[in-house]
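For reference, the structure discussed in these notes is given below.
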2 protein chains.
Amino acid sequence: MQKIGILGGGQLGRMLLQAAANYPVETYVLENDEQAPAAHLCHHFTKGDIKDYDAVYNFGRRLDALTIEIENVNVDALEALEKEGITVIPRPAVLRTIRNKALQKNYYTTHQIPTSEYILTHNIQELSEQTHFFPAVHKIAEGGYDGRGVQIIETEKDLSKGFDTLSVLEKMVNVEKEIALMIAISQTGEIAIYPPVQMVFDKALNLLDFQLCPAELPERTYWKAEAIALATVKNFNSPGIFAVELFVTPDGDVLVNETAPRVHNSGHHTIEAHYSSQFDMVWRILLNYPLGSTEAIMPSVMLNILGSEGHSGPACYEGLNEMLKIENAFFHLYGKKQTKPGRKMGHVTVISQERADLLYKANKIKHGLSVITKADGRSG
Amino acid sequence: MQKIGILGGGQLGRMLLQAAANYPVETYVLENDEQAPAAHLCHHFTKGDIKDYDAVYNFGRRLDALTIEIENVNVDALEALEKEGITVIPRPAVLRTIRNKALQKNYYTTHQIPTSEYILTHNIQELSEQTHFFPAVHKIAEGGYDGRGVQIIETEKDLSKGFDTLSVLEKMVNVEKEIALMIAISQTGEIAIYPPVQMVFDKALNLLDFQLCPAELPERTYWKAEAIALATVKNFNSPGIFAVELFVTPDGDVLVNETAPRVHNSGHHTIEAHYSSQFDMVWRILLNYPLGSTEAIMPSVMLNILGSEGHSGPACYEGLNEMLKIENAFFHLYGKKQTKPGRKMGHVTVISQERADLLYKANKIKHGLSVITKADGRSG
């Protein structure tokens, strides 16, 4: 059996390992937190810092192949491992480009991939000189994740919210729709594209509210989005699974927002709603199997289950029993013992032929389930 | 989080643990083989003999609830744990009845549940006195599993194949169809019934060839089967998931063949083809959640992947790459390093609205995939 490692042990790792159990493969995880959602689901757990050169190098050298569940890993070590003949998916060079938002933006412009206008700022002083660019979005170049490291700068009054380090200042785009496309590329260059999903965001938290699949798009926009996403990932020259987030403007323009070279929140619905899930697909790529089918079994809606405001401590899922009665909903709770406001504690996918049913159930779950802490500290 | 243990670490445990990762639960496995399919997927693995009183008792006493993936466990220890207030599902008394085929047969007759005629034999001598009962099926009362411990006794010539210990001699039934029904019962007595499946057996190995869902039955037979299966499991007075195997005769009679008080081979298709899988359902029962929906997302066919004749050693999946191209097929390989003839190495479920497509794909996989050993000992 092939020995395959994952850097990171969060919920993405957890779902990767659930899918791994369908194949003959020996799994390894490198992760600092022994209580992380994926820690117990692998054959071999190594406690260690995925950002540390030695930890990643020593973890990887005994493996046949390596992948990631988060970009923020030691890329130097991955490059050294790749040179020694270990399969690293995605290729380390891709990680280097993507995990730095300044390099990522530069990649889009270099390859003539439409993206929002931007400039780089190195400190608040530089930011303050770009008032002509406002309203804009300020994104820290490295280390942002899940809504952290992103600030909206409407006017000069917001300058203090900006980042005093290398950041990308993106001109605010008039967004009609936010969509995402997942694309899988095998080691032999085979390509499979999932149908686009359409996202509705909770503006306050900059976190996903819920997500519909397939996205409702005019055919012309659909093809444009697919072509742009394809150009985005093909130019990386790397196997892997990629999530391309796109903005659709009122004029029908399509702009790349961000790309993730890994399994992604916008692909969670594929577990139940598609023949081959994004997690299944990764193992097919790593194990050199043919790619799976990206076709939908049914339309779907996905929503994240987030820690409620004002609650930090042992997690309790209020309303869960009632919500579990919904017949066409699939619950995924990540087993995190501690909740905090906005923390991703799980997700739910609803599948149905009826769009109205999807939206009704998503709203029901959104309002019927909350992750809180109990005064007595008991977790549910 | 609740601490829940499984006795046994085979493929059923493996799939139980894949499903467990959707819920907040701390998982424990007791199993003698550290390389077993489920061994690496739990939070806490305990090496020990599930048939040993102390091993089971000491494993269970620190848990909130316990379940099984095989009947052949130490029931005395489970009874002791139950008395101490630990939730054991199914109830130990059910295991005591079911794991002994003589007691199981007696259970059916006591509760007026239709089953084939039978007598008990204690040795070959007694068997030889029952020639008027032939052709018959001789089943060892305890310890049989997966086709082992079952012999067909057509005539006196087959006497030597019989068992020289307590066994059930069942009069051969004229079987038109073999079907199975899975039923879930929650701790509060809620009941959910999966649609019946129809089985086609490989006579030589007494192993499943493939299995269709839903079974093709006249409505009258369908309701009769459901009523009989329901009576069978309700009289156990135990929560749990149950597989009731039934014979349908040419006259439309329905007879209970055997019952398993656990997740079962005949429910594997529910992973992809039904809203709540048999594995998901077990966690809902154990965690006191409402039962899931047993409804089918799509019709399905399931087939086991067995070790090929003449091959014992490191497993290699010949034809797997080609088979993985089938778009609507879901592969489950159990990660067993060693194959041997007839060993269950995995299963495949195909879902489709078209019955012809289901049968075509099942046959394609049956003939296109084989588990062999390579002369050079490499595993694929």
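Numbering starts fresh at 1 for the residues of each chain in the structure tokens, the chains themselves are lettered A, B, ... in the order given, and ligands are numbered from 1 as they appear.
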
Next on the checklist: If we count only C-alpha atoms and set the cut-off at 10 Å, which residues sit around Val248 (chain B), ignoring sequence neighbours fewer than 3 positions away in its own chain? Please answer as a ChimeraX atom specification.
Outcome noted: /B:173-179,217,221-222,225,251-257

Same residues, N, CA and C atoms, output as a CSV table (one decimal), in the first residue's frame:
```csv
chain,number,residue,atom,x,y,z
B,173,VAL,N,-35.8,-25.3,1.3
B,173,VAL,CA,-36.9,-24.5,0.9
B,173,VAL,C,-36.8,-24.3,-0.6
B,174,ASN,N,-38.0,-24.4,-1.3
B,174,ASN,CA,-38.0,-24.0,-2.7
B,174,ASN,C,-38.0,-22.5,-2.7
B,175,VAL,N,-36.8,-21.9,-3.0
B,175,VAL,CA,-36.7,-20.5,-2.9
B,175,VAL,C,-36.8,-19.8,-4.3
B,176,GLU,N,-37.8,-18.9,-4.4
B,176,GLU,CA,-37.9,-18.2,-5.7
B,176,GLU,C,-37.0,-17.0,-5.6
B,177,LYS,N,-37.0,-16.4,-4.5
B,177,LYS,CA,-36.2,-15.1,-4.3
B,177,LYS,C,-35.7,-15.1,-2.9
B,178,GLU,N,-34.5,-14.6,-2.8
B,178,GLU,CA,-33.9,-14.3,-1.5
B,178,GLU,C,-33.9,-12.8,-1.3
B,179,ILE,N,-34.5,-12.3,-0.2
B,179,ILE,CA,-34.5,-10.9,0.0
B,179,ILE,C,-34.0,-10.5,1.4
B,217,LEU,N,-40.8,-7.2,-6.2
B,217,LEU,CA,-41.7,-8.1,-5.5
B,217,LEU,C,-43.2,-7.7,-5.8
B,221,THR,N,-46.5,-9.5,-1.5
B,221,THR,CA,-45.3,-10.2,-0.9
B,221,THR,C,-44.5,-9.1,-0.2
B,222,TYR,N,-44.4,-7.9,-0.8
B,222,TYR,CA,-43.7,-6.8,-0.2
B,222,TYR,C,-44.2,-6.5,1.2
B,225,ALA,N,-43.5,-9.4,3.6
B,225,ALA,CA,-42.1,-9.5,4.1
B,225,ALA,C,-41.9,-8.4,5.1
B,251,ASP,N,-44.9,-20.0,-4.1
B,251,ASP,CA,-46.3,-19.7,-3.7
B,251,ASP,C,-46.5,-18.4,-3.1
B,252,GLY,N,-45.5,-17.6,-2.9
B,252,GLY,CA,-45.6,-16.3,-2.3
B,252,GLY,C,-45.5,-16.3,-0.8
B,253,ASP,N,-45.1,-17.5,-0.3
B,253,ASP,CA,-44.8,-17.5,1.2
B,253,ASP,C,-43.5,-16.8,1.5
B,254,VAL,N,-43.5,-16.2,2.7
B,254,VAL,CA,-42.2,-15.6,3.1
B,254,VAL,C,-41.8,-16.2,4.4
B,255,LEU,N,-40.5,-16.7,4.4
B,255,LEU,CA,-39.9,-17.3,5.6
B,255,LEU,C,-38.7,-16.6,6.0
B,256,VAL,N,-38.5,-16.4,7.3
B,256,VAL,CA,-37.3,-15.8,7.8
B,256,VAL,C,-36.2,-16.9,7.7
B,257,ASN,N,-35.1,-16.5,7.1
B,257,ASN,CA,-33.9,-17.4,7.0
B,257,ASN,C,-33.0,-17.1,8.3
```

Spatial neighbours of Leu303 (chain A), 9 Å, only C-alpha atoms, chain gap at least 2 places, as a PDB file with N, CA and C atoms, in the first residue's frame:
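The result, stored in result_13.pdb:
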```
ATOM      1  N   LEU A 208     -19.225  32.258   4.627  1.00  0.00           N
ATOM      2  CA  LEU A 208     -20.278  31.766   3.767  1.00  0.00           C
ATOM      3  C   LEU A 208     -21.585  31.617   4.532  1.00  0.00           C
ATOM      4  N   ASP A 209     -22.651  32.108   3.963  1.00  0.00           N
ATOM      5  CA  ASP A 209     -23.973  31.946   4.548  1.00  0.00           C
ATOM      6  C   ASP A 209     -24.544  30.613   4.076  1.00  0.00           C
ATOM      7  N   PHE A 210     -24.816  30.532   2.784  1.00  0.00           N
ATOM      8  CA  PHE A 210     -24.952  29.214   2.187  1.00  0.00           C
ATOM      9  C   PHE A 210     -24.633  29.226   0.712  1.00  0.00           C
ATOM     10  N   GLN A 211     -24.599  28.058   0.148  1.00  0.00           N
ATOM     11  CA  GLN A 211     -24.043  27.875  -1.170  1.00  0.00           C
ATOM     12  C   GLN A 211     -24.927  26.929  -1.965  1.00  0.00           C
ATOM     13  N   HIS A 269     -20.329  20.138  -0.586  1.00  0.00           N
ATOM     14  CA  HIS A 269     -21.578  19.523  -1.064  1.00  0.00           C
ATOM     15  C   HIS A 269     -21.330  18.308  -1.944  1.00  0.00           C
ATOM     16  N   VAL A 301     -27.664  22.337  -1.564  1.00  0.00           N
ATOM     17  CA  VAL A 301     -27.306  23.551  -0.863  1.00  0.00           C
ATOM     18  C   VAL A 301     -26.417  23.129   0.299  1.00  0.00           C
ATOM     19  N   ILE A 305     -21.771  25.345   9.699  1.00  0.00           N
ATOM     20  CA  ILE A 305     -22.266  25.477  11.068  1.00  0.00           C
ATOM     21  C   ILE A 305     -21.166  26.183  11.853  1.00  0.00           C
ATOM     22  N   GLY A 346     -18.896  22.661  11.730  1.00  0.00           N
ATOM     23  CA  GLY A 346     -19.454  21.604  10.889  1.00  0.00           C
ATOM     24  C   GLY A 346     -20.078  22.196   9.641  1.00  0.00           C
ATOM     25  N   HIS A 347     -20.707  21.353   8.858  1.00  0.00           N
ATOM     26  CA  HIS A 347     -21.495  21.844   7.730  1.00  0.00           C
ATOM     27  C   HIS A 347     -22.642  20.874   7.483  1.00  0.00           C
ATOM     28  N   VAL A 348     -23.613  21.361   6.719  1.00  0.00           N
ATOM     29  CA  VAL A 348     -24.761  20.529   6.347  1.00  0.00           C
ATOM     30  C   VAL A 348     -24.981  20.652   4.854  1.00  0.00           C
ATOM     31  N   THR A 349     -25.252  19.542   4.207  1.00  0.00           N
ATOM     32  CA  THR A 349     -25.633  19.570   2.803  1.00  0.00           C
ATOM     33  C   THR A 349     -27.052  19.035   2.672  1.00  0.00           C
ATOM     34  N   VAL A 350     -27.874  19.750   1.938  1.00  0.00           N
ATOM     35  CA  VAL A 350     -29.225  19.290   1.643  1.00  0.00           C
ATOM     36  C   VAL A 350     -29.282  18.996   0.150  1.00  0.00           C
ATOM     37  N   ALA A 362     -32.347  24.971   4.068  1.00  0.00           N
ATOM     38  CA  ALA A 362     -31.126  25.677   4.474  1.00  0.00           C
ATOM     39  C   ALA A 362     -31.459  26.748   5.504  1.00  0.00           C
ATOM     40  N   ILE A 365     -32.351  25.185   8.881  1.00  0.00           N
ATOM     41  CA  ILE A 365     -31.177  24.739   9.630  1.00  0.00           C
ATOM     42  C   ILE A 365     -30.389  25.940  10.145  1.00  0.00           C
ATOM     43  N   LYS A 366     -30.277  26.953   9.305  1.00  0.00           N
ATOM     44  CA  LYS A 366     -29.534  28.149   9.713  1.00  0.00           C
ATOM     45  C   LYS A 366     -30.136  28.750  10.988  1.00  0.00           C
TER      46      LYS A 366
END
```

Could you give me, as a tab-separated table, a per-residue list for region 277-316 of chain B showing, wherever an atom lies at most 12 Å from an atom of region 27-48 of chain B, the closest pair of atoms and their distance in Å to one decimal, using only C-alpha atoms and sorting by chain then residue number from low to high?
```
residue	atom	partner	partner_atom	distance
B:Trp283	CA	B:Thr27	CA	10.8
B:Leu286	CA	B:Thr27	CA	11.6
B:Leu287	CA	B:Thr27	CA	11.9
```

Checklist entry - When the cut-off is 7 Å and we count only C-alpha atoms, which residues of chain A are near chain B, given as an MDAnalysis selection string? => result chainID A and resid 1 18 22:25 40:43 275 289:290 292:293 321 324:325 327:328 331:335 379:380

Next on the checklist: Could you pull out the helix (DSSP H, G or I) residues of region 220-342 of chain B, going by DSSP on the backbone, and write them as a ChimeraX atom specification?
Outcome noted: /B:220-234,265-267,270-273,278-286,320-323

Item to check | Exercise: region 259-264 of chain B partners within 9 Å, only C-alpha atoms, chain neighbours under 3 positions left out, as a PyMOL selection string | outcome: chain B and resi 12+16+67-71+89-90+94-95+98-99+104+182+229+232-233+240-246+256+267-268+278-279+282

Restrict the selected residues to C-alpha atoms and save them as a PDB file, in the first residue's frame.
```
ATOM      1  CA  LEU B  12     -18.172  -3.180   9.216  1.00  0.00           C
ATOM      2  CA  LEU B  16     -19.095   2.561  11.090  1.00  0.00           C
ATOM      3  CA  THR B  67     -22.095  -1.881  19.976  1.00  0.00           C
ATOM      4  CA  ILE B  68     -20.821  -4.793  17.896  1.00  0.00           C
ATOM      5  CA  GLU B  69     -19.846  -5.500  14.337  1.00  0.00           C
ATOM      6  CA  ILE B  70     -19.945  -9.291  14.785  1.00  0.00           C
ATOM      7  CA  GLU B  71     -22.134 -11.503  17.005  1.00  0.00           C
ATOM      8  CA  ILE B  89     -26.902  -2.012  21.568  1.00  0.00           C
ATOM      9  CA  PRO B  90     -28.181  -4.522  20.598  1.00  0.00           C
ATOM     10  CA  VAL B  94     -30.525 -10.601  21.563  1.00  0.00           C
ATOM     11  CA  LEU B  95     -26.974 -11.611  20.829  1.00  0.00           C
ATOM     12  CA  ILE B  98     -29.073 -14.870  17.496  1.00  0.00           C
ATOM     13  CA  ARG B  99     -25.518 -16.123  17.650  1.00  0.00           C
ATOM     14  CA  GLN B 104     -32.531 -18.354  16.826  1.00  0.00           C
ATOM     15  CA  MET B 182     -32.868  -3.726   7.288  1.00  0.00           C
ATOM     16  CA  ALA B 229     -39.394  -8.685   9.377  1.00  0.00           C
ATOM     17  CA  THR B 232     -38.987 -10.548  13.981  1.00  0.00           C
ATOM     18  CA  VAL B 233     -37.144  -7.508  15.282  1.00  0.00           C
ATOM     19  CA  GLY B 240     -30.331  -1.446  17.176  1.00  0.00           C
ATOM     20  CA  ILE B 241     -30.106  -2.090  13.489  1.00  0.00           C
ATOM     21  CA  PHE B 242     -31.238  -5.484  12.227  1.00  0.00           C
ATOM     22  CA  ALA B 243     -30.866  -7.326   8.937  1.00  0.00           C
ATOM     23  CA  VAL B 244     -33.617  -9.867   8.347  1.00  0.00           C
ATOM     24  CA  GLU B 245     -32.900 -12.328   5.548  1.00  0.00           C
ATOM     25  CA  LEU B 246     -36.024 -13.809   4.016  1.00  0.00           C
ATOM     26  CA  VAL B 256     -37.288 -15.844   7.798  1.00  0.00           C
ATOM     27  CA  GLY B 267     -27.095  -2.814   3.812  1.00  0.00           C
ATOM     28  CA  HIS B 268     -23.861  -1.633   2.187  1.00  0.00           C
ATOM     29  CA  GLN B 278     -27.076   1.767   7.896  1.00  0.00           C
ATOM     30  CA  PHE B 279     -23.819   3.059   9.417  1.00  0.00           C
ATOM     31  CA  VAL B 282     -26.262   3.180  14.122  1.00  0.00           C
TER      32      VAL B 282
END
```
